[in-house]
>>> print(open('my_file_5.cif').read())   # mmCIF, C-alpha atoms and all ligand atoms
data_target
loop_
_atom_site.label_atom_id
_atom_site.label_comp_id
_atom_site.auth_asym_id
_atom_site.auth_seq_id
_atom_site.Cartn_x
_atom_site.Cartn_y
_atom_site.Cartn_z
CA MET A 1 33.54 -4.82 -7.34
CA THR A 2 32.86 -8.41 -6.38
CA SER A 3 32.26 -9.73 -2.95
CA PRO A 4 32.18 -13.35 -1.82
CA THR A 5 28.57 -13.02 -0.67
CA ARG A 6 27.33 -11.72 -3.98
CA THR A 7 24.19 -13.45 -5.21
CA PRO A 8 24.34 -14.89 -8.72
CA ASP A 9 21.84 -13.14 -10.93
CA THR A 10 21.26 -16.03 -13.30
CA THR A 11 17.95 -17.70 -12.68
CA PRO A 12 16.65 -21.05 -13.81
CA ALA A 13 13.92 -20.72 -16.42
CA ASP A 14 11.52 -22.84 -14.43
CA ARG A 15 11.79 -20.67 -11.36
CA ASP A 16 8.35 -19.20 -11.75
CA ALA A 17 5.46 -20.48 -13.80
CA ARG A 18 4.52 -17.04 -15.04
CA PRO A 19 5.96 -15.61 -18.25
CA GLN A 20 8.92 -13.24 -18.32
CA VAL A 21 8.09 -10.05 -20.18
CA ARG A 22 11.07 -7.86 -21.02
CA PRO A 23 11.12 -4.30 -22.33
CA ALA A 24 12.90 -5.24 -25.55
CA ALA A 25 10.62 -8.18 -26.23
CA GLU A 26 7.66 -5.83 -25.97
CA GLY A 27 8.93 -3.58 -28.70
CA TRP A 28 10.61 -0.94 -26.57
CA GLU A 29 13.90 0.11 -28.01
CA GLN A 30 16.51 1.56 -25.77
CA GLN A 31 18.00 4.75 -27.22
CA ARG A 32 21.74 4.36 -27.56
CA THR A 33 24.76 6.59 -27.99
CA ALA A 34 26.99 6.40 -31.07
CA GLU A 35 29.17 3.95 -29.10
CA GLY A 36 26.19 1.71 -28.47
CA ARG A 37 25.77 2.50 -24.79
CA PRO A 38 22.29 3.21 -23.41
CA LEU A 39 21.59 6.93 -23.70
CA LEU A 40 21.71 8.95 -20.51
CA GLN A 41 21.38 12.71 -20.80
CA PHE A 42 23.04 15.12 -18.43
CA ALA A 43 22.30 18.84 -18.68
CA SER A 44 24.79 21.02 -20.47
CA PRO A 45 26.23 23.75 -18.25
CA ARG A 46 25.77 26.13 -21.18
CA VAL A 47 21.96 25.99 -21.03
CA LYS A 48 20.60 29.30 -19.78
CA GLN A 49 19.29 29.36 -16.22
CA PRO A 50 16.58 31.73 -14.98
CA PRO A 51 17.49 35.09 -13.38
CA GLN A 52 18.83 34.89 -9.84
CA HIS A 53 16.16 34.91 -7.12
CA LEU A 54 16.36 35.41 -3.38
CA ALA A 55 15.82 31.67 -2.85
CA ASP A 56 18.98 30.88 -4.81
CA LEU A 57 21.03 32.54 -2.08
CA THR A 58 21.94 31.92 1.55
CA LEU A 59 21.09 34.71 3.97
CA ALA A 60 24.68 35.97 3.89
CA GLU A 61 24.62 36.03 0.09
CA ARG A 62 21.32 37.92 0.15
CA GLN A 63 22.84 40.51 2.47
CA ALA A 64 25.81 40.91 0.16
CA LYS A 65 23.59 41.29 -2.87
CA LEU A 66 21.42 43.91 -1.17
CA LYS A 67 24.47 45.93 -0.21
CA GLU A 68 25.62 45.71 -3.81
CA LEU A 69 22.25 47.09 -4.89
CA GLY A 70 22.68 49.99 -2.45
CA HIS A 71 20.33 48.77 0.30
CA PRO A 72 21.04 48.09 3.96
CA ALA A 73 21.86 44.44 4.67
CA PHE A 74 18.96 44.08 7.12
CA ARG A 75 16.54 44.22 4.19
CA ALA A 76 17.61 40.63 3.50
CA LYS A 77 15.80 39.40 6.60
CA GLN A 78 12.72 41.45 5.84
CA LEU A 79 12.48 40.17 2.30
CA SER A 80 13.20 36.62 3.44
CA THR A 81 10.39 36.84 5.98
CA HIS A 82 7.94 37.96 3.31
CA TYR A 83 8.90 35.09 1.07
CA PHE A 84 9.62 32.22 3.46
CA GLN A 85 6.99 33.06 6.11
CA HIS A 86 4.21 34.90 4.33
CA TRP A 87 4.76 33.34 0.88
CA THR A 88 4.48 36.78 -0.69
CA THR A 89 6.42 38.68 -3.34
CA ASP A 90 3.83 41.44 -3.58
CA PRO A 91 5.38 44.86 -2.86
CA GLU A 92 1.97 46.14 -1.71
CA ARG A 93 2.17 43.79 1.25
CA MET A 94 5.69 44.85 2.27
CA SER A 95 4.80 47.91 4.31
CA ASP A 96 7.97 47.52 6.38
CA LEU A 97 10.00 48.59 3.33
CA PRO A 98 10.28 52.24 2.29
CA LYS A 99 7.90 53.01 -0.54
CA ALA A 100 10.60 54.64 -2.63
CA GLY A 101 12.44 51.97 -4.58
CA ARG A 102 10.36 49.12 -3.16
CA GLU A 103 9.10 47.85 -6.51
CA GLU A 104 12.58 47.85 -8.02
CA LEU A 105 13.95 46.00 -5.03
CA VAL A 106 11.24 43.36 -5.22
CA GLU A 107 11.77 43.01 -8.95
CA ALA A 108 15.48 42.47 -8.44
CA MET A 109 15.10 39.89 -5.66
CA PHE A 110 11.96 38.06 -6.82
CA PRO A 111 11.93 37.66 -10.60
CA PRO A 112 8.82 35.59 -11.41
CA LEU A 113 9.93 31.98 -11.95
CA LEU A 114 6.80 29.85 -12.18
CA THR A 115 3.73 30.78 -14.18
CA GLU A 116 0.74 28.62 -13.47
CA VAL A 117 -0.60 27.08 -16.67
CA ARG A 118 -3.10 24.63 -15.22
CA ARG A 119 -4.31 23.16 -11.96
CA LEU A 120 -6.05 19.78 -11.82
CA ARG A 121 -7.83 18.44 -8.73
CA THR A 122 -8.84 15.00 -7.58
CA ASP A 123 -9.56 13.07 -4.32
CA ASP A 124 -12.22 15.60 -3.26
CA GLY A 125 -9.72 18.41 -3.67
CA ASN A 126 -7.10 16.73 -1.48
CA THR A 127 -4.73 16.24 -4.44
CA ILE A 128 -3.78 19.03 -6.83
CA LYS A 129 -1.44 18.77 -9.81
CA PHE A 130 0.12 22.03 -10.98
CA LEU A 131 1.55 22.63 -14.42
CA TRP A 132 4.11 25.42 -14.40
CA ARG A 133 5.78 27.31 -17.23
CA LEU A 134 9.35 28.40 -16.57
CA PHE A 135 11.02 31.58 -17.87
CA ASP A 136 12.20 29.84 -21.05
CA GLY A 137 8.91 28.09 -21.81
CA ALA A 138 9.93 24.74 -20.30
CA LEU A 139 7.06 22.99 -18.49
CA VAL A 140 7.21 21.16 -15.18
CA GLU A 141 4.68 19.75 -12.76
CA SER A 142 4.30 19.38 -9.02
CA VAL A 143 1.71 17.42 -7.06
CA LEU A 144 0.28 18.51 -3.71
CA MET A 145 -1.36 15.90 -1.48
CA ARG A 146 -3.21 16.27 1.80
CA TYR A 147 -3.07 13.26 4.13
CA PRO A 148 -4.36 13.12 7.69
CA GLY A 149 -1.81 15.07 9.72
CA ARG A 150 0.61 15.90 6.92
CA ILE A 151 0.78 17.65 3.55
CA THR A 152 3.22 16.35 0.96
CA LEU A 153 4.49 18.12 -2.13
CA CYS A 154 6.08 16.09 -4.90
CA VAL A 155 8.53 18.48 -6.58
CA SER A 156 10.35 18.46 -9.91
CA SER A 157 14.10 19.03 -10.05
CA GLN A 158 14.64 19.02 -13.82
CA ALA A 159 12.56 20.01 -16.82
CA GLY A 160 12.20 16.53 -18.29
CA CYS A 161 14.57 13.72 -17.36
CA GLY A 162 17.60 12.20 -19.02
CA MET A 163 17.48 8.77 -17.39
CA ASN A 164 15.35 7.23 -20.10
CA CYS A 165 13.40 4.65 -18.05
CA PRO A 166 10.87 3.04 -20.43
CA PHE A 167 7.97 2.85 -17.95
CA CYS A 168 8.10 6.51 -16.89
CA ALA A 169 6.35 9.22 -18.89
CA THR A 170 8.93 11.84 -17.91
CA GLY A 171 11.82 9.64 -19.00
CA GLN A 172 10.33 9.13 -22.42
CA ALA A 173 10.38 12.83 -23.22
CA GLY A 174 14.08 13.40 -22.57
CA LEU A 175 15.84 16.17 -20.69
CA THR A 176 15.37 19.89 -21.32
CA ARG A 177 17.46 21.35 -18.50
CA ASN A 178 18.24 21.43 -14.81
CA MET A 179 15.94 23.55 -12.69
CA SER A 180 17.48 26.31 -10.61
CA THR A 181 17.46 26.16 -6.82
CA ALA A 182 14.84 28.90 -6.63
CA GLU A 183 12.64 27.19 -9.23
CA ILE A 184 12.65 24.10 -7.03
CA VAL A 185 11.98 26.10 -3.85
CA ASP A 186 9.29 28.24 -5.45
CA GLN A 187 7.15 25.12 -6.06
CA VAL A 188 6.92 24.72 -2.28
CA VAL A 189 6.23 28.39 -1.59
CA ALA A 190 3.52 28.39 -4.30
CA ALA A 191 1.97 25.31 -2.70
CA ASN A 192 2.02 27.00 0.71
CA ARG A 193 0.15 29.93 -0.81
CA VAL A 194 -2.52 27.59 -2.12
CA ILE A 195 -2.83 25.88 1.27
CA ALA A 196 -3.02 29.23 3.08
CA ALA A 197 -5.82 30.28 0.74
CA GLY A 198 -7.77 27.21 1.89
CA ASP A 199 -7.68 25.63 -1.57
CA LEU A 200 -6.48 22.12 -0.62
CA GLY A 201 -9.40 20.02 0.64
CA VAL A 202 -10.70 20.68 4.12
CA THR A 203 -8.33 22.69 6.33
CA GLU A 204 -7.35 20.89 9.55
CA HIS A 205 -5.77 23.88 11.32
CA PRO A 206 -5.05 27.52 10.41
CA ASP A 207 -1.24 27.41 10.15
CA GLU A 208 -1.04 24.60 7.67
CA ARG A 209 1.73 24.32 5.14
CA VAL A 210 3.72 21.71 3.28
CA THR A 211 5.20 19.35 5.89
CA ASN A 212 6.83 16.79 3.59
CA ILE A 213 8.70 17.16 0.33
CA VAL A 214 9.51 14.30 -2.00
CA PHE A 215 11.86 14.69 -4.97
CA MET A 216 9.70 12.33 -6.98
CA GLY A 217 8.39 14.70 -9.60
CA MET A 218 10.07 15.24 -12.93
CA GLY A 219 13.78 14.72 -13.17
CA GLU A 220 16.65 12.89 -11.52
CA PRO A 221 17.55 15.01 -8.46
CA LEU A 222 21.07 13.63 -8.11
CA ALA A 223 21.84 14.61 -11.72
CA ASN A 224 21.22 18.23 -10.61
CA TYR A 225 23.11 17.73 -7.38
CA LYS A 226 24.31 21.24 -6.47
CA ARG A 227 21.02 23.01 -7.05
CA VAL A 228 19.00 20.27 -5.39
CA MET A 229 21.23 20.36 -2.32
CA ALA A 230 20.92 24.14 -2.12
CA ALA A 231 17.13 23.73 -2.33
CA VAL A 232 17.24 21.19 0.50
CA HIS A 233 19.16 23.77 2.54
CA ARG A 234 16.44 26.36 1.89
CA PHE A 235 13.85 23.79 3.05
CA VAL A 236 15.61 23.02 6.33
CA ASP A 237 17.30 26.35 7.12
CA ALA A 238 15.68 28.09 10.07
CA SER A 239 13.13 30.76 9.27
CA PRO A 240 13.48 33.34 7.78
CA GLU A 241 16.61 32.11 5.98
CA GLY A 242 14.58 29.12 4.84
CA LEU A 243 11.40 27.21 5.54
CA GLY A 244 12.57 25.61 8.78
CA MET A 245 11.42 22.12 7.80
CA SER A 246 12.78 18.88 9.21
CA ALA A 247 15.33 17.09 7.01
CA ARG A 248 13.76 13.73 7.76
CA ASN A 249 10.56 14.94 6.09
CA ILE A 250 12.42 15.52 2.85
CA THR A 251 12.92 12.53 0.59
CA VAL A 252 15.51 12.42 -2.16
CA SER A 253 14.72 9.66 -4.63
CA THR A 254 17.25 8.47 -7.19
CA VAL A 255 17.48 6.04 -10.04
CA GLY A 256 20.89 5.04 -8.62
CA LEU A 257 23.68 7.51 -9.41
CA VAL A 258 26.11 5.80 -7.07
CA PRO A 259 28.85 8.47 -6.70
CA ALA A 260 26.17 11.08 -5.94
CA ILE A 261 24.52 8.81 -3.36
CA ARG A 262 27.90 8.52 -1.64
CA LYS A 263 28.30 12.29 -1.73
CA LEU A 264 24.82 12.75 -0.28
CA ALA A 265 25.76 10.50 2.63
CA GLU A 266 28.65 12.85 3.43
CA GLU A 267 26.41 15.93 3.67
CA ASP A 268 25.39 16.92 7.14
CA LEU A 269 21.72 16.66 6.17
CA PRO A 270 19.85 13.56 7.30
CA VAL A 271 17.25 13.56 4.52
CA THR A 272 15.27 10.43 3.80
CA PHE A 273 16.82 8.50 0.96
CA ALA A 274 14.97 6.39 -1.61
CA LEU A 275 16.47 4.17 -4.28
CA SER A 276 14.34 3.33 -7.32
CA LEU A 277 15.47 -0.24 -7.81
CA HIS A 278 12.62 -1.99 -9.68
CA ALA A 279 14.63 -5.19 -10.24
CA PRO A 280 17.08 -7.13 -8.07
CA ASP A 281 18.85 -8.76 -11.03
CA ASP A 282 21.14 -6.96 -13.47
CA GLU A 283 19.78 -8.91 -16.40
CA LEU A 284 16.40 -7.19 -16.15
CA ARG A 285 17.55 -3.91 -14.56
CA ASP A 286 19.98 -3.27 -17.43
CA GLU A 287 16.95 -2.98 -19.70
CA LEU A 288 14.51 -1.38 -17.29
CA ILE A 289 16.82 1.25 -15.81
CA PRO A 290 19.41 2.29 -18.40
CA VAL A 291 21.67 3.78 -15.71
CA ASN A 292 22.19 0.21 -14.47
CA ASN A 293 24.65 -0.18 -17.31
CA ARG A 294 26.92 2.16 -15.34
CA TRP A 295 26.15 1.22 -11.75
CA LYS A 296 24.89 -2.27 -11.09
CA VAL A 297 22.25 -3.50 -8.66
CA ASP A 298 24.79 -4.52 -6.00
CA GLU A 299 26.67 -1.22 -6.23
CA ALA A 300 23.41 0.73 -5.86
CA ILE A 301 22.31 -1.37 -2.87
CA ASP A 302 25.76 -1.03 -1.29
CA ALA A 303 25.56 2.76 -1.65
CA ALA A 304 22.06 2.77 -0.10
CA TYR A 305 23.29 0.61 2.77
CA ASP A 306 26.24 2.93 3.35
CA TYR A 307 23.81 5.86 3.36
CA PHE A 308 22.03 4.17 6.25
CA ARG A 309 25.33 3.47 8.05
CA LYS A 310 26.50 7.07 7.72
CA THR A 311 23.24 8.80 8.58
CA GLY A 312 21.34 6.27 10.68
CA ARG A 313 18.33 6.97 8.47
CA ARG A 314 16.43 3.94 7.28
CA VAL A 315 16.33 3.98 3.48
CA SER A 316 13.49 3.11 1.11
CA ILE A 317 13.61 0.93 -1.96
CA GLU A 318 11.04 1.85 -4.59
CA TYR A 319 9.77 -0.96 -6.77
CA ALA A 320 7.13 -0.38 -9.46
CA LEU A 321 5.32 -3.68 -9.96
CA ILE A 322 5.00 -4.38 -13.68
CA LYS A 323 2.92 -7.34 -14.77
CA ASP A 324 5.01 -10.38 -15.67
CA MET A 325 8.13 -8.27 -15.90
CA ASN A 326 9.57 -7.74 -12.43
CA ASP A 327 6.81 -9.02 -10.14
CA HIS A 328 7.81 -12.69 -9.81
CA ALA A 329 8.01 -14.11 -6.30
CA TRP A 330 11.59 -15.25 -6.94
CA ARG A 331 12.54 -11.62 -7.52
CA ALA A 332 11.01 -10.65 -4.18
CA ALA A 333 13.04 -13.44 -2.58
CA LEU A 334 16.23 -12.38 -4.37
CA LEU A 335 15.65 -8.76 -3.33
CA ALA A 336 15.11 -9.81 0.30
CA LYS A 337 18.26 -11.91 0.18
CA LYS A 338 20.35 -9.05 -1.16
CA LEU A 339 18.99 -6.65 1.45
CA ASN A 340 19.40 -9.09 4.33
CA GLN A 341 22.96 -9.88 3.27
CA ARG A 342 23.90 -6.30 4.15
CA GLY A 343 22.13 -6.22 7.48
CA ARG A 344 18.78 -6.01 9.24
CA GLY A 345 16.54 -3.06 10.03
CA TRP A 346 18.20 -0.67 7.60
CA VAL A 347 15.69 -0.64 4.78
CA HIS A 348 12.07 -0.92 3.89
CA VAL A 349 10.57 -1.67 0.51
CA ASN A 350 7.77 0.28 -1.17
CA PRO A 351 6.25 -1.68 -4.03
CA ILE A 352 4.10 0.62 -6.21
CA PRO A 353 1.64 -0.86 -8.69
CA LEU A 354 2.76 0.55 -12.06
CA ASN A 355 0.84 3.63 -13.12
CA PRO A 356 -0.21 3.72 -16.74
CA THR A 357 1.72 6.04 -19.07
CA PRO A 358 0.70 7.16 -22.57
CA GLY A 359 1.43 4.57 -25.21
CA SER A 360 2.87 2.18 -22.66
CA ILE A 361 2.43 -1.49 -23.33
CA TRP A 362 2.88 -2.54 -19.73
CA THR A 363 0.36 -2.78 -16.96
CA SER A 364 0.47 -3.12 -13.22
CA SER A 365 0.64 -6.52 -11.57
CA GLU A 366 -2.50 -8.42 -10.60
CA PRO A 367 -3.58 -7.82 -6.99
CA GLU A 368 -2.79 -11.43 -5.97
CA VAL A 369 0.67 -11.09 -7.46
CA GLN A 370 1.23 -7.81 -5.61
CA ASP A 371 0.19 -9.52 -2.38
CA GLU A 372 2.49 -12.46 -3.02
CA PHE A 373 5.39 -10.08 -3.70
CA VAL A 374 4.74 -8.15 -0.50
CA GLU A 375 4.29 -11.32 1.55
CA THR A 376 7.52 -12.85 0.23
CA LEU A 377 9.47 -9.81 1.35
CA ARG A 378 7.74 -9.66 4.72
CA ALA A 379 8.27 -13.36 5.34
CA ALA A 380 11.99 -12.70 4.81
CA GLY A 381 11.87 -10.01 7.49
CA ILE A 382 11.83 -6.95 5.22
CA PRO A 383 9.34 -4.25 6.26
CA THR A 384 7.25 -3.68 3.17
CA THR A 385 4.41 -1.28 2.40
CA LEU A 386 2.45 -1.35 -0.82
CA ARG A 387 2.28 2.33 -1.73
CA ASP A 388 -1.05 3.91 -2.43
CA THR A 389 -0.31 6.31 -5.24
CA ARG A 390 -2.45 9.35 -5.57
CA GLY A 391 -3.52 11.32 -8.56
CA LYS A 392 -3.88 8.65 -11.27
CA GLU A 393 -7.08 10.28 -12.54
CA ILE A 394 -5.19 13.49 -13.32
CA ASP A 395 -1.98 11.81 -14.55
CA GLY A 396 -0.34 13.07 -11.39
CA ALA A 397 0.88 9.77 -9.96
CA CYS A 398 4.46 8.45 -9.93
CA GLY A 399 5.87 8.24 -13.40
CA GLN A 400 2.97 10.03 -15.07
CA LEU A 401 4.33 13.57 -15.11
CA ALA A 402 4.82 14.61 -18.70
CA ALA A 403 4.03 18.32 -18.48
CA ALA A 404 2.22 18.85 -21.75
CA GLU A 405 -0.29 21.59 -22.40
N1 LIG B 501 14.35 10.13 -10.89
C1 LIG B 501 14.01 9.82 -9.54
C2 LIG B 501 12.74 10.48 -9.03
C3 LIG B 501 11.52 10.58 -9.92
S1 LIG B 501 10.40 9.27 -10.09
C4 LIG B 501 13.92 8.34 -9.35
O1 LIG B 501 14.03 7.61 -10.32
O2 LIG B 501 13.81 7.88 -8.21
C5 LIG B 501 9.68 8.85 -8.58
C6 LIG B 501 9.37 7.35 -8.51
O3 LIG B 501 8.32 6.97 -9.42
C7 LIG B 501 10.57 6.51 -8.87
O4 LIG B 501 10.71 5.47 -7.95
C8 LIG B 501 10.17 5.99 -10.23
O5 LIG B 501 10.85 4.85 -10.59
C9 LIG B 501 8.69 5.76 -10.05
N2 LIG B 501 7.96 5.56 -11.29
C10 LIG B 501 8.30 5.98 -12.53
N3 LIG B 501 7.37 5.61 -13.44
C11 LIG B 501 6.42 4.95 -12.76
C12 LIG B 501 5.19 4.36 -13.14
N4 LIG B 501 4.77 4.38 -14.40
N5 LIG B 501 4.45 3.78 -12.16
C13 LIG B 501 4.85 3.78 -10.87
N6 LIG B 501 6.00 4.35 -10.46
C14 LIG B 501 6.78 4.92 -11.38
#
>>> encode(input="my_file_5.cif", output="structure tokens", more="lines below")
Ligand code: SAH
Amino acid sequence: MTSPTRTPDTTPADRDARPQVRPAAEGWEQQRTAEGRPLLQFASPRVKQPPQHLADLTLAERQAKLKELGHPAFRAKQLSTHYFQHWTTDPERMSDLPKAGREELVEAMFPPLLTEVRRLRTDDGNTIKFLWRLFDGALVESVLMRYPGRITLCVSSQAGCGMNCPFCATGQAGLTRNMSTAEIVDQVVAANRVIAAGDLGVTEHPDERVTNIVFMGMGEPLANYKRVMAAVHRFVDASPEGLGMSARNITVSTVGLVPAIRKLAEEDLPVTFALSLHAPDDELRDELIPVNNRWKVDEAIDAAYDYFRKTGRRVSIEYALIKDMNDHAWRAALLAKKLNQRGRGWVHVNPIPLNPTPGSIWTSSEPEVQDEFVETLRAAGIPTTLRDTRGKEIDGACGQLAAAE
């Protein structure tokens, strides 16, 4: 796809006085397929998924399953209320169910999915990172953060990640498998339990729970499209079918799987959309984001713009600032130009100082360089917020989730 307004990506060498660091020049070697293309892993449909759980199903499907198990359909609502309103799967607390057969029913509808392996706290207890073991031994993490007036959970959608981005700890470990819908949902319910127990910093009011969900934990959510979308439905479905959250408080972040972004725009679910761009030029992005070899910068930005046009939701561009690699002022100017070419008021940019990852040779940009990057975008009329990332001390910040014991 070429358009007459397309910006040339070639840049004069003297454009910026600072050096140009590139992943390959720093000793990072992109893994490649036998045909020489950058390796991207997608989960095999043959990999075993966990047992079916109530949260995998819509209310109608729950009713059907209960009937199949020989129970009245109205039990579906009762069980859903226990899980989605009281965060409980404990038969002892389900006194509205007949005692006979209660344990078996609970066992059938709520097979345990997440086993807590470890919990790390920082920010005076306002940030907690959880390490979970799944039924097959796979490990995933989620990060819970209290902010004034809102509580955000960063959830994982895959065990590992197949997108192979060199600066991200998750990407370096490869993909194990897709998470099931209920495994994704159960991270939120588990977090709500922790909040209800008063274990996240200082409680602001008694009915607190997770208000915002970001798919920025482990995995590429759009590579696990069906299960992630079903999880989003559980988040927004009215109680007790789901959690009754607002779609705008749910952020789906992607490395740029363009066909899936277009599909997402067609869903009747106005979630907040974030594109992890990290470079406005294909020359660098081809190395930094292997998926760029399939869908280029302009295609990804076009898809993000069309998401805005379809949904009316302003989209976010994520941009990890890596010292001397992608943080040059000319790149901020090129990014602004590409965004402004599509229109005004449809996007904001979130630069994030790179978080350190084990064995990584790259560091975050100098503060003055970060400021210059932000100012260049703002001067071009692009709303820009430098993101404060939480949880660095516990390896719980963006790109640091590696889920090791
Ligand atoms: N796969 C999805 C979501 C997971 S990552 C995606 O790529 O968007 C969430 C965000 O953290 C992404 O924008 C990702 O690029 C960013 N990120 C990854 N590694 C990082 C690091 N070391 N420092 C800062 N941000 C990082």
>>> residues_around(input="my_file_5.cif", residues="stretch 133-135 of chain A", least_positions_apart="5", cutoff="7 Å", atoms="all atoms listed in the file", output="list in words")
Pro50, Leu113, Leu114, Thr115, Glu116, Val117 and Val140 of chain A
>>> residues_near_ligand(input="my_file_5.cif", ligand="ligand LIG 501 (chain B)", cutoff="8 Å", atoms="all atoms listed in the file", output="ChimeraX atom specification")
/A:156,161,163,165,167-170,215-221,252-256,274-278,318-321,352-357,397-400
>>> residues_around(input="my_file_5.cif", residues="A:Phe235", least_positions_apart="5", cutoff="10 Å", atoms="all atoms listed in the file", output="list in words")
Phe84, Val185, Val188, Asn212, Ile213, Met229, Ala230, Glu241, Gly242, Leu243, Gly244, Met245, Ser246, Ala247, Asn249 and Ile250 of chain A
>>> atom_distance(input="my_file_5.cif", atom1="atom CA of A:Gly381", atom2="atom CA of A:Asn340")
8.2 Å
>>> residues_around(input="my_file_5.cif", residues="stretch 194-203 of chain A", least_positions_apart="3", cutoff="6 Å", atoms="all atoms listed in the file", output="list in words")
Gly125, Asn126 and Ala191 of chain A
>>> residues_around(input="my_file_5.cif", residues="A:Arg18", least_positions_apart="5", cutoff="10 Å", atoms="only C-alpha atoms", output="number ranges by chain")
A: 323-325, 327-329
>>> atom_distance(input="my_file_5.cif", atom1="atom CA of A:Arg234", atom2="atom CA of A:Gly137")
24.9 Å
>>> closest_residue(input="my_file_5.cif", among="A:Ala300, A:Leu69, A:Ile317, A:Leu120", to="A:Trp346", atoms="only C-alpha atoms")
A:Ile317
>>> atom_distance(input="my_file_5.cif", atom1="atom CA of A:Thr127", atom2="atom CA of A:Gly396")
8.8 Å
>>> residues_near_point(input="my_file_5.cif", point="(21.3, -6.2, -18.7)", cutoff="12 Å", atoms="only C-alpha atoms", output="ChimeraX atom specification")
/A:9-10,22-24,30,37-38,279-297
